[in-house]
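Dumped structure.txt below, it's compact mmCIF, C-alpha atoms:
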# COMPACT_ATOMS: atom_id res chain seq x y z
CA MET A 4 0.00 0.00 0.00
CA GLU A 5 1.44 3.33 -1.03
CA ALA A 6 0.26 6.09 1.29
CA PHE A 7 2.19 8.99 -0.16
CA ASP A 8 2.36 10.38 -3.67
CA HIS A 9 6.02 11.27 -4.23
CA THR A 10 5.76 12.69 -7.72
CA HIS A 11 6.20 16.35 -6.73
CA TYR A 12 9.13 17.80 -4.85
CA VAL A 13 10.70 21.21 -4.92
CA THR A 14 13.96 21.38 -6.82
CA THR A 15 15.55 24.20 -4.85
CA PHE A 16 16.29 24.40 -1.15
CA PRO A 17 16.84 27.40 1.12
CA PHE A 18 20.24 26.03 2.09
CA THR A 19 22.74 23.60 0.61
CA TYR A 20 23.73 20.14 1.78
CA PRO A 21 27.30 18.85 1.55
CA PHE A 22 27.54 15.76 -0.65
CA ALA A 23 30.59 13.51 -0.61
CA THR A 24 31.75 12.32 -4.03
CA ALA A 25 33.52 9.00 -4.40
CA THR A 26 36.60 8.80 -6.54
CA THR A 27 36.83 6.32 -9.40
CA GLY A 28 38.01 2.92 -8.28
CA SER A 29 37.51 3.61 -4.57
CA PRO A 30 35.77 0.94 -2.49
CA PRO A 31 32.09 1.51 -1.61
CA TRP A 32 31.36 3.22 1.68
CA MET A 33 29.95 -0.10 2.99
CA ASP A 34 30.28 -3.62 1.70
CA THR A 35 26.81 -4.87 0.74
CA ARG A 36 27.61 -8.24 2.33
CA ILE A 37 27.61 -6.56 5.73
CA TRP A 38 23.86 -5.96 5.49
CA SER A 39 23.15 -9.70 5.38
CA ARG A 40 25.10 -10.15 8.62
CA LEU A 41 23.40 -7.41 10.61
CA PRO A 42 20.94 -8.58 13.28
CA GLN A 43 17.32 -8.18 12.23
CA ARG A 44 16.56 -6.20 15.40
CA LEU A 45 19.22 -3.66 14.44
CA ILE A 46 17.81 -3.34 10.90
CA ASP A 47 14.30 -2.93 12.32
CA ARG A 48 15.57 -0.18 14.60
CA VAL A 49 17.08 1.69 11.64
CA ILE A 50 13.80 1.37 9.71
CA ALA A 51 11.85 2.68 12.71
CA PHE A 52 13.69 5.99 12.42
CA LEU A 53 12.54 6.55 8.84
CA PRO A 54 9.99 9.31 8.18
CA PRO A 55 6.65 8.02 6.83
CA PRO A 56 7.31 8.70 3.10
CA ALA A 57 10.64 6.82 3.25
CA PHE A 58 9.10 4.03 5.33
CA PHE A 59 6.37 3.34 2.78
CA ARG A 60 8.95 3.28 -0.02
CA ALA A 61 11.12 0.87 2.00
CA ARG A 62 8.21 -1.54 2.42
CA SER A 63 8.51 -2.49 -1.26
CA VAL A 64 12.03 -3.91 -0.75
CA CYS A 65 11.01 -7.33 0.55
CA LYS A 66 8.16 -9.25 2.18
CA ARG A 67 9.64 -8.98 5.65
CA TRP A 68 9.91 -5.20 5.52
CA TYR A 69 6.38 -5.07 4.16
CA SER A 70 5.13 -7.12 7.11
CA LEU A 71 6.72 -4.83 9.72
CA LEU A 72 3.59 -2.70 9.72
CA PHE A 73 1.67 -5.65 11.18
CA SER A 74 4.28 -6.55 13.79
CA HIS A 75 3.35 -5.54 17.36
CA THR A 76 7.00 -5.74 18.42
CA PHE A 77 8.08 -3.35 15.65
CA LEU A 78 5.21 -0.92 16.29
CA GLN A 79 6.01 -0.78 20.01
CA MET A 80 9.63 0.03 19.21
CA TYR A 81 8.52 2.56 16.59
CA LEU A 82 6.33 4.42 19.08
CA GLN A 83 9.23 4.63 21.52
CA ILE A 84 12.08 5.78 19.28
CA ASN A 85 10.68 7.30 16.10
CA PRO A 86 11.34 11.05 15.96
CA LYS A 87 8.15 13.04 15.47
CA PRO A 88 8.19 14.81 12.10
CA TYR A 89 6.24 18.05 12.20
CA PHE A 90 4.08 18.17 9.08
CA PHE A 91 1.01 20.12 8.01
CA ILE A 92 -2.10 18.67 6.41
CA PHE A 93 -4.32 20.80 4.18
CA PHE A 94 -7.66 20.20 2.51
CA LYS A 95 -9.46 21.90 -0.35
CA GLN A 96 -12.11 24.26 0.90
CA LYS A 97 -14.82 26.32 -0.77
CA THR A 98 -16.69 29.25 0.71
CA THR A 99 -20.43 28.91 0.92
CA ASN A 100 -22.72 31.22 -1.02
CA ASN A 101 -23.89 32.81 2.21
CA PRO A 102 -20.91 32.39 4.51
CA LYS A 103 -21.37 32.85 8.19
CA THR A 104 -18.87 35.42 9.33
CA THR A 105 -17.47 36.42 12.67
CA SER A 106 -15.77 39.77 12.26
CA THR A 107 -13.32 39.26 9.40
CA THR A 108 -13.31 35.44 9.51
CA THR A 109 -15.21 33.29 7.02
CA ILE A 110 -16.37 29.80 7.85
CA PHE A 111 -15.27 27.27 5.23
CA LYS A 112 -17.40 24.28 4.33
CA HIS A 113 -16.90 21.34 1.99
CA ASN A 114 -18.83 21.01 -1.22
CA THR A 115 -21.60 18.52 -0.48
CA THR A 116 -23.15 18.24 -3.94
CA ALA A 117 -23.97 14.91 -5.53
CA THR A 118 -20.50 14.61 -7.06
CA ALA A 119 -18.90 14.72 -3.60
CA ALA A 120 -20.27 11.24 -2.91
CA THR A 121 -18.27 9.72 -5.78
CA VAL A 122 -15.04 11.71 -5.46
CA PRO A 123 -12.97 10.60 -2.44
CA GLU A 124 -11.69 13.20 -0.05
CA GLU A 125 -8.08 14.29 -0.58
CA GLY A 126 -5.54 15.74 1.80
CA TYR A 127 -2.19 17.35 1.07
CA ILE A 128 0.78 16.88 3.37
CA PHE A 129 3.35 19.66 3.48
CA ASP A 130 6.81 18.80 4.83
CA PRO A 131 8.44 22.03 6.10
CA GLU A 132 11.91 20.46 6.21
CA THR A 133 12.07 19.56 2.52
CA LEU A 134 9.40 22.00 1.28
CA SER A 135 7.67 19.10 -0.48
CA TRP A 136 4.01 18.17 -0.95
CA HIS A 137 2.43 14.69 -0.76
CA ARG A 138 -1.10 13.65 -1.62
CA LEU A 139 -3.27 11.39 0.54
CA VAL A 140 -6.70 9.96 -0.27
CA PHE A 141 -9.54 9.25 2.19
CA PRO A 142 -11.82 6.93 0.21
CA LEU A 143 -13.91 5.74 3.18
CA ILE A 144 -14.82 9.09 4.71
CA PRO A 145 -18.55 9.50 4.00
CA SER A 146 -19.86 12.57 2.26
CA GLY A 147 -21.10 15.32 4.54
CA PHE A 148 -18.07 15.27 6.85
CA SER A 149 -15.34 17.94 7.02
CA PRO A 150 -11.89 17.80 8.65
CA THR A 151 -11.69 20.01 11.71
CA CYS A 152 -8.52 19.25 13.73
CA SER A 153 -5.68 16.79 14.27
CA SER A 154 -3.77 15.27 17.18
CA GLY A 155 -1.72 12.16 17.88
CA GLY A 156 -1.50 11.21 14.21
CA LEU A 157 -5.28 11.22 13.73
CA VAL A 158 -7.59 13.62 11.90
CA CYS A 159 -11.01 14.45 13.36
CA TRP A 160 -13.95 14.83 10.96
CA VAL A 161 -17.23 16.46 11.97
CA SER A 162 -20.60 16.20 10.24
CA ASP A 163 -21.74 19.26 8.27
CA GLU A 164 -25.47 18.91 8.86
CA ALA A 165 -27.07 21.01 11.59
CA GLY A 166 -28.04 19.00 14.65
CA SER A 167 -26.21 16.56 16.90
CA LYS A 168 -22.70 16.33 15.54
CA GLY A 169 -21.15 13.05 14.44
CA LEU A 170 -17.36 12.75 14.65
CA LEU A 171 -14.87 10.37 13.08
CA LEU A 172 -11.20 9.77 13.86
CA SER A 173 -9.04 8.54 10.98
CA ASN A 174 -5.36 7.82 10.42
CA PRO A 175 -4.35 9.48 7.11
CA LEU A 176 -1.65 6.85 6.53
CA PHE A 177 -4.22 4.03 6.67
CA PRO A 178 -7.53 5.15 5.13
CA SER A 179 -9.36 2.00 6.25
CA LEU A 180 -8.78 2.75 9.94
CA ILE A 181 -11.76 4.91 10.97
CA SER A 182 -13.02 5.16 14.55
CA PRO A 183 -16.46 6.76 15.06
CA LEU A 184 -17.30 8.72 18.20
CA PRO A 185 -20.79 8.95 19.68
CA SER A 186 -22.83 11.92 18.49
CA THR A 187 -22.96 15.04 20.61
CA LEU A 188 -26.02 15.57 22.78
CA ARG A 189 -26.90 19.15 21.87
CA PRO A 190 -27.77 20.25 18.32
CA ARG A 191 -25.23 22.67 16.85
CA LEU A 192 -24.48 24.38 13.53
CA PHE A 193 -20.74 25.06 13.09
CA PRO A 194 -19.20 24.56 16.55
CA SER A 195 -15.56 24.92 17.52
CA VAL A 196 -13.91 21.51 17.93
CA GLY A 197 -10.75 20.70 19.85
CA LEU A 198 -8.87 17.40 20.04
CA THR A 199 -5.94 16.14 22.09
CA ILE A 200 -4.68 12.56 21.95
CA THR A 201 -1.93 11.11 24.14
CA ASN A 202 -0.59 7.56 24.42
CA SER A 203 -3.24 6.81 27.03
CA SER A 204 -6.25 9.12 26.49
CA ILE A 205 -8.51 10.90 24.01
CA ASP A 206 -10.18 14.24 24.79
CA VAL A 207 -12.57 16.08 22.46
CA MET A 208 -14.19 19.47 23.07
CA VAL A 209 -17.19 20.84 21.14
CA ALA A 210 -18.23 24.41 21.96
CA GLY A 211 -20.65 27.05 20.78
CA ASP A 212 -23.17 27.47 17.96
CA ASP A 213 -25.97 25.93 20.05
CA MET A 214 -29.18 25.78 18.02
CA ILE A 215 -31.82 27.50 20.13
CA SER A 216 -34.30 27.21 17.26
CA PRO A 217 -34.25 25.91 13.66
CA TYR A 218 -33.27 29.41 12.54
CA ALA A 219 -31.03 30.77 15.31
CA VAL A 220 -27.81 29.84 17.09
CA LYS A 221 -26.14 31.13 20.21
CA ASN A 222 -22.84 30.39 21.93
CA LEU A 223 -24.00 28.83 25.20
CA THR A 224 -22.51 25.46 26.16
CA THR A 225 -19.52 23.15 25.88
CA GLU A 226 -19.56 19.36 25.61
CA SER A 227 -16.56 17.15 26.36
CA PHE A 228 -15.69 13.55 25.51
CA HIS A 229 -12.99 11.64 27.41
CA ILE A 230 -11.73 8.08 27.39
CA ASP A 231 -8.48 6.55 28.63
CA LEU A 232 -6.70 3.23 28.98
CA GLY A 233 -7.52 3.18 32.69
CA GLY A 234 -11.13 2.38 31.84
CA PHE A 235 -12.60 5.79 32.69
CA TYR A 236 -14.82 7.43 30.10
CA SER A 237 -17.22 10.36 29.92
CA ILE A 238 -19.51 10.64 26.91
CA TRP A 239 -20.33 14.25 26.09
CA GLY A 240 -20.80 15.61 29.55
CA THR A 241 -21.96 19.23 29.47
CA THR A 242 -19.25 21.31 31.13
CA SER A 243 -19.22 24.95 32.19
CA SER A 244 -21.10 27.55 30.16
CA LEU A 245 -19.31 29.83 27.73
CA PRO A 246 -18.66 33.44 28.77
CA ARG A 247 -21.57 35.77 28.06
CA LEU A 248 -21.73 37.57 24.71
CA CYS A 249 -18.78 35.63 23.29
CA SER A 250 -18.31 35.26 19.54
CA LEU A 251 -16.27 32.14 18.83
CA GLU A 252 -14.20 31.46 15.77
CA SER A 253 -16.12 28.47 14.48
CA GLY A 254 -14.16 25.34 13.75
CA LYS A 255 -10.80 26.28 15.29
CA MET A 256 -9.56 25.33 18.75
CA ILE A 257 -5.94 24.94 19.89
CA HIS A 258 -4.74 22.71 22.75
CA VAL A 259 -1.71 23.72 24.80
CA GLU A 260 -0.71 22.16 28.13
CA GLY A 261 -4.13 21.13 29.41
CA LYS A 262 -6.08 24.07 28.00
CA PHE A 263 -8.11 24.66 24.85
CA TYR A 264 -7.92 28.11 23.25
CA CYS A 265 -9.96 29.83 20.55
CA MET A 266 -10.33 33.36 19.21
CA ASN A 267 -13.16 35.61 20.34
CA TYR A 268 -14.38 38.59 18.33
CA SER A 269 -15.98 42.00 18.89
CA PRO A 270 -13.56 42.98 20.32
CA PHE A 271 -10.67 40.58 19.83
CA SER A 272 -9.77 38.42 22.81
CA VAL A 273 -8.78 34.81 23.51
CA LEU A 274 -11.06 32.31 25.25
CA ALA A 275 -9.38 29.59 27.33
CA TYR A 276 -10.92 26.43 28.74
CA ASP A 277 -9.05 24.76 31.62
CA MET A 278 -9.73 21.02 31.46
CA ASN A 279 -8.72 20.39 35.09
CA ARG A 280 -10.72 23.26 36.61
CA ASN A 281 -13.65 22.90 34.19
CA GLU A 282 -14.00 26.61 33.54
CA TRP A 283 -13.69 29.19 30.78
CA SER A 284 -11.75 32.43 31.06
CA LYS A 285 -11.11 35.39 28.77
CA ILE A 286 -7.61 36.70 27.96
CA GLN A 287 -7.17 40.16 26.52
CA ALA A 288 -5.37 40.15 23.17
CA PRO A 289 -2.36 42.42 22.59
CA MET A 290 -3.05 45.58 20.53
CA ARG A 291 -6.60 44.26 20.08
CA ARG A 292 -7.90 47.47 18.47
CA PHE A 293 -5.34 47.30 15.67
CA LEU A 294 -5.37 43.58 14.75
CA ARG A 295 -6.43 42.07 11.45
CA SER A 296 -6.89 38.34 10.68
CA PRO A 297 -5.70 37.10 14.09
CA SER A 298 -4.93 33.39 14.44
CA LEU A 299 -3.91 31.15 17.31
CA VAL A 300 -1.26 28.47 16.77
CA GLU A 301 0.72 26.08 18.96
CA THR A 302 4.50 26.02 18.56
CA ASN A 303 6.93 24.16 20.80
CA GLY A 304 4.36 23.86 23.57
CA LYS A 305 3.45 27.56 23.60
CA LEU A 306 0.36 29.44 22.49
CA VAL A 307 1.20 32.04 19.84
CA LEU A 308 -1.08 34.74 18.44
CA ILE A 309 -0.33 35.90 14.89
CA ALA A 310 -1.97 38.94 13.31
CA ALA A 311 -1.40 41.88 11.03
CA VAL A 312 -1.08 45.21 12.84
CA GLU A 313 -2.52 48.05 10.81
CA LYS A 314 -3.18 51.52 12.14
CA SER A 315 -2.14 54.66 10.29
CA LYS A 316 -1.58 56.69 13.45
CA LEU A 317 0.89 54.23 14.96
CA ASN A 318 4.52 55.30 15.12
CA VAL A 319 5.60 51.93 13.73
CA PRO A 320 4.89 50.74 10.17
CA LYS A 321 2.29 48.11 9.34
CA SER A 322 3.54 44.61 10.00
CA LEU A 323 2.75 40.99 10.78
CA ARG A 324 3.62 40.09 14.36
CA MET A 325 3.69 37.11 16.70
CA TRP A 326 3.06 37.15 20.45
CA ALA A 327 3.59 34.26 22.89
CA LEU A 328 1.38 33.79 25.94
CA GLN A 329 3.49 33.69 29.08
CA SER A 330 3.24 31.08 31.85
CA CYS A 331 1.10 33.43 33.98
CA GLY A 332 -1.67 32.98 31.41
CA THR A 333 -2.53 36.66 30.96
CA THR A 334 0.56 38.40 29.53
CA TRP A 335 1.68 38.44 25.90
CA VAL A 336 5.26 39.06 24.72
CA GLU A 337 6.13 39.86 21.12
CA ILE A 338 8.53 37.19 19.85
CA GLU A 339 8.76 37.83 16.11
CA ARG A 340 7.96 40.42 13.45
CA MET A 341 7.99 39.89 9.71
CA PRO A 342 10.73 41.93 7.98
CA GLN A 343 9.27 45.10 6.54
CA GLN A 344 10.35 44.48 2.95
CA LEU A 345 8.87 40.97 3.04
CA TYR A 346 5.66 42.28 4.60
CA LEU A 347 5.23 44.77 1.76
CA GLN A 348 5.40 41.88 -0.73
CA PHE A 349 3.05 39.82 1.42
CA ALA A 350 0.54 42.68 1.78
CA GLU A 351 0.52 43.30 -1.96
CA LEU A 352 -0.30 39.64 -2.68
CA GLU A 353 -2.79 39.41 0.17
CA GLY A 354 -4.68 42.52 -0.95
CA GLY A 355 -6.80 42.72 2.19
CA ARG A 356 -8.42 39.30 1.63
CA GLY A 357 -7.07 37.96 4.91
CA PHE A 358 -4.91 35.00 5.80
CA SER A 359 -4.88 31.97 8.08
CA CYS A 360 -2.06 30.51 10.16
CA VAL A 361 -1.21 27.02 11.38
CA GLY A 362 1.66 25.97 13.61
CA ASN A 363 3.46 22.74 14.42
CA GLY A 364 6.73 22.22 16.25
CA SER A 365 9.02 25.11 15.40
CA PHE A 366 7.19 25.95 12.15
CA VAL A 367 4.36 28.33 11.25
CA VAL A 368 2.63 28.47 7.86
CA VAL A 369 0.78 31.64 6.81
CA MET A 370 -1.62 30.97 3.90
CA ILE A 371 -3.17 33.87 1.99
CA THR A 372 -6.93 33.54 1.56
CA GLY A 373 -8.29 33.16 -1.96
CA THR A 374 -5.06 32.16 -3.71
CA ALA A 375 -5.83 28.48 -4.46
CA GLY A 376 -2.94 27.26 -2.35
CA GLU A 377 -0.38 29.13 -4.44
CA LYS A 378 0.79 31.74 -1.94
CA GLY A 379 2.01 31.13 1.56
CA LEU A 380 4.95 31.78 3.85
CA LEU A 381 6.78 29.41 6.17
CA PHE A 382 8.54 30.67 9.29
CA ASP A 383 11.12 28.53 11.08
CA PHE A 384 11.59 29.54 14.72
CA THR A 385 14.81 27.52 14.98
CA ARG A 386 16.56 29.18 12.04
CA LYS A 387 14.66 32.48 12.34
CA ARG A 388 13.94 32.41 8.63
CA TRP A 389 11.00 33.17 6.33
CA VAL A 390 10.58 31.07 3.15
CA TRP A 391 7.90 31.19 0.47
CA VAL A 392 5.91 27.95 0.38
CA PRO A 393 6.03 26.27 -3.04
CA ARG A 394 2.69 25.95 -4.78
CA CYS A 395 0.76 22.79 -4.01
CA PRO A 396 0.76 20.89 -7.34
CA TYR A 397 -2.55 19.18 -6.60
CA VAL A 398 -4.67 22.33 -6.21
CA GLY A 399 -5.84 24.35 -9.19
CA GLY A 400 -8.07 27.36 -9.59
CA GLY A 401 -11.83 27.49 -9.54
CA GLY A 402 -12.20 29.24 -6.22
CA GLU A 403 -10.53 26.44 -4.26
CA GLU A 404 -8.15 27.23 -1.45
CA LEU A 405 -6.38 25.37 1.31
CA SER A 406 -7.25 25.20 4.98
CA GLY A 407 -5.46 22.93 7.41
CA PHE A 408 -3.72 22.28 10.70
CA GLY A 409 -0.58 20.77 12.17
CA TYR A 410 -0.14 17.03 11.72
CA VAL A 411 2.31 14.55 13.26
CA PRO A 412 2.12 11.28 11.27
CA ARG A 413 2.05 8.05 13.27
CA LEU A 414 1.99 4.48 12.03
CA ALA A 415 -0.09 3.45 15.03
CA THR A 416 -2.25 5.04 17.73
CA PRO A 417 -2.96 2.24 20.24
CA VAL A 418 -5.32 4.34 22.37
CA THR A 419 -7.99 4.14 19.66
CA GLY A 420 -8.48 0.51 20.67
CA VAL A 421 -10.42 1.66 23.73
CA LEU A 422 -13.09 3.11 21.42
CA ASP A 423 -13.89 -0.42 20.23
CA GLN A 424 -14.25 -1.53 23.84
CA LEU A 425 -16.53 1.44 24.51
CA THR A 426 -18.77 0.35 21.63
CA THR A 427 -19.29 -3.06 23.22
CA ILE A 428 -20.01 -1.52 26.65
CA ASN A 429 -22.17 1.37 25.51
CA PRO A 430 -23.26 1.00 21.84
CA PHE A 431 -23.95 4.25 19.99
I need this file expressed as structure tokens, please.
Amino acid sequence: MEAFDHTHYVTTFPFTYPFATATTGSPPWMDTRIWSRLPQRLIDRVIAFLPPPAFFRARSVCKRWYSLLFSHTFLQMYLQINPKPYFFIFFKQKTTNNPKTTSTTTIFKHNTTATAATVPEEGYIFDPETLSWHRLVFPLIPSGFSPTCSSGGLVCWVSDEAGSKGLLLSNPLFPSLISPLPSTLRPRLFPSVGLTITNSSIDVMVAGDDMISPYAVKNLTTESFHIDLGGFYSIWGTTSSLPRLCSLESGKMIHVEGKFYCMNYSPFSVLAYDMNRNEWSKIQAPMRRFLRSPSLVETNGKLVLIAAVEKSKLNVPKSLRMWALQSCGTTWVEIERMPQQLYLQFAELEGGRGFSCVGNGSFVVVMITGTAGEKGLLFDFTRKRWVWVPRCPYVGGGGEELSGFGYVPRLATPVTGVLDQLTTINPF
């Protein structure tokens, strides 16, 4: 099974790699006969360090390497030693004819016409280390579901229809592995959804857009789902109420160190839900009166707010800035600012349409709205460098654009096995 499409890579890199050249007649760097003498456990350990695209290519070498994916011993070792590659996964999105807006943010929704039932869902993996794109297919995701968030190597899909929300968890590397969650208790329209998966637990949060009538919604309640390997589970218990007069950013919720965060509008602020204390709080955003297209991302275990700052009377020029939330939970500190010359190029391409941001590890991707996946910037916190994202070769015009989130690919997520046990205990 080939999970990745490797046909498109960028041909230029932002920095050069040293390559050693062998002289004519020199012996090879390693005698091929040595490989046949290496212990199988050592070879398996080397394979476990491969990133997913290389691993799936290596599986075609021999039957034994192909069977590693079904070996419990290999998967246990893989989960322990494999370095986590920080990728991004994007999906094609189309704006609705009558989009629901919150301030300057537009809610994106999948095309659910008759043709959507016959065309399988596609996702596009972006590797920030190599600046390459890979295509994934989700043939078993039913029509009427849209991707909403990712954690622990799984993607969460939520039903588009108004009412009690159905959710699915799927591993993009193995399209046949789909784990359904029980439907939410309260009817909602486009709620904010948050997901965090560890080696021993699954937590899902669904907040806002409560349907108080067939024609009206209001941000009132939060529902939470929890299950762990210890046998404890809670199926959509209604937690604390949302703050009064809040205006959530539908669909987006970020998890950082035991808290879920989402943007609030009119005026801009950040809403935080503490899972341990079971309560919501409001955090004032920095320079909230001058922000445009604010986004929340998680990078290296910290919550970062990214926004354009635009106010003609300010003493500083217009710019795109990043602030990190400090450990006290109320103070923001500016940690990065886009170079002015680069921002002028970015602003010209963006043209006031807005942009969205996603973070993962030490990387942040800024995608310009309405550019069909052709224009975006990548920022590397480690190297302190901005790089233009190469165009995704799988996305054309026609009003399509990309929306996504951080993704850490995993060959296995053992905690999903408890969902099967839950089905036998409490069918849904």
Test item: residues at most 6 Å from Glu226 in chain A, all atoms listed in the file, excluding those fewer than 2 positions along its chain, as a list in words: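 Listing them by chain and then by number gives Met208, Val209, Trp239, Gly240, Thr241 and Thr242 of chain A.
Here CA of Asp277 in chain A stands at a distance of 15.1 Å from CA of Lys305 in chain A.
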Å distance separating CA of Pro289 in chain A from CA of Thr372 in chain A, one decimal place: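 One can read the CA of Pro289 in chain A to CA of Thr372 in chain A distance as 23.3 Å.
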Spatial neighbours of Ser269 in chain A, max dist 10 Å, all atoms listed in the file, sep filter under 2 positions, as an MDAnalysis selection string: chainID A and resid 105:106 248:251 267 271:272 291:292
Contacts of Ile371 in chain A within 6 Å, all atoms listed in the file, excl. fewer than 6 positions in-chain, as a list in words: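 Counting all atoms listed in the file, the residues come to Glu353, Phe358, Lys378 and Gly379 of chain A.
Here CA of Ala57 in chain A is placed at a distance of 22.2 Å from CA of Pro417 in chain A.
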Residue nearest Leu134 in chain A among A:Phe293, A:Trp68, A:Tyr218, A:Trp391 (counting all atoms listed in the file):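 Among A:Phe293, A:Trp68, A:Tyr218, A:Trp391, it is A:Trp391 that comes nearest to Leu134 in chain A.
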Selection: 7 Å around Asn363 in chain A, all atoms listed in the file, excl. self and same-chain fewer than 5 positions, as a ChimeraX atom specification: /A:89,301-302,409
Option closest in space to Phe91 in chain A, from A:Ser162, A:Pro56, A:Lys66, A:Val367 [counting all atoms listed in the file]: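 The closest residue to Phe91 in chain A is A:Val367.
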Minimum-distance residue to Ser135 in chain A, chosen among A:Val196, A:Phe90, A:Asn85, A:Pro55 (using only C-alpha atoms):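 Of A:Val196, A:Phe90, A:Asn85, A:Pro55, the one nearest Ser135 in chain A is A:Phe90, counting only C-alpha atoms.
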Which of A:Val49, A:Phe94, A:Phe349, A:Val64 sits closest to Met80 in chain A [using all atoms listed in the file]: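 Between A:Val49, A:Phe94, A:Phe349, A:Val64, the residue approaching Met80 in chain A most closely is A:Val49.
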For Tyr410 in chain A: contacts at 9 Å, all atoms listed in the file, fewer than 3 positions along chain excluded, given as a PyMOL selection string: chain A and resi 88-92+128+152-158+363
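Proximity of A:Trp160, A:Tyr276, A:Phe148, A:Phe384 to Met325 in chain A, computed with all atoms listed in the file, is greatest for A:Phe384.
For the set A:Val273, A:Leu232, A:Leu172, A:Leu294, the residue with the smallest atom-to-atom gap to Val312 in chain A is A:Leu294, counting all atoms listed in the file.
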Protein and nucleic acid residues near (-22.8, 16.8, 18.9) (cut-off 12 Å, only C-alpha atoms) as number ranges by chain: A: 161-171, 184-196, 207-214, 224-228, 238-241
File dump, residues just selected, C-alpha atoms, as a compact mmCIF listing (two decimals), in the coordinates of the input:
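The result, written out as result31.txt:
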# COMPACT_ATOMS: atom_id res chain seq x y z
CA VAL A 161 -17.23 16.46 11.97
CA SER A 162 -20.60 16.20 10.24
CA ASP A 163 -21.74 19.26 8.27
CA GLU A 164 -25.47 18.91 8.86
CA ALA A 165 -27.07 21.01 11.59
CA GLY A 166 -28.04 19.00 14.65
CA SER A 167 -26.21 16.56 16.90
CA LYS A 168 -22.70 16.33 15.54
CA GLY A 169 -21.15 13.05 14.44
CA LEU A 170 -17.36 12.75 14.65
CA LEU A 171 -14.87 10.37 13.08
CA LEU A 184 -17.30 8.72 18.20
CA PRO A 185 -20.79 8.95 19.68
CA SER A 186 -22.83 11.92 18.49
CA THR A 187 -22.96 15.04 20.61
CA LEU A 188 -26.02 15.57 22.78
CA ARG A 189 -26.90 19.15 21.87
CA PRO A 190 -27.77 20.25 18.32
CA ARG A 191 -25.23 22.67 16.85
CA LEU A 192 -24.48 24.38 13.53
CA PHE A 193 -20.74 25.06 13.09
CA PRO A 194 -19.20 24.56 16.55
CA SER A 195 -15.56 24.92 17.52
CA VAL A 196 -13.91 21.51 17.93
CA VAL A 207 -12.57 16.08 22.46
CA MET A 208 -14.19 19.47 23.07
CA VAL A 209 -17.19 20.84 21.14
CA ALA A 210 -18.23 24.41 21.96
CA GLY A 211 -20.65 27.05 20.78
CA ASP A 212 -23.17 27.47 17.96
CA ASP A 213 -25.97 25.93 20.05
CA MET A 214 -29.18 25.78 18.02
CA THR A 224 -22.51 25.46 26.16
CA THR A 225 -19.52 23.15 25.88
CA GLU A 226 -19.56 19.36 25.61
CA SER A 227 -16.56 17.15 26.36
CA PHE A 228 -15.69 13.55 25.51
CA ILE A 238 -19.51 10.64 26.91
CA TRP A 239 -20.33 14.25 26.09
CA GLY A 240 -20.80 15.61 29.55
CA THR A 241 -21.96 19.23 29.47
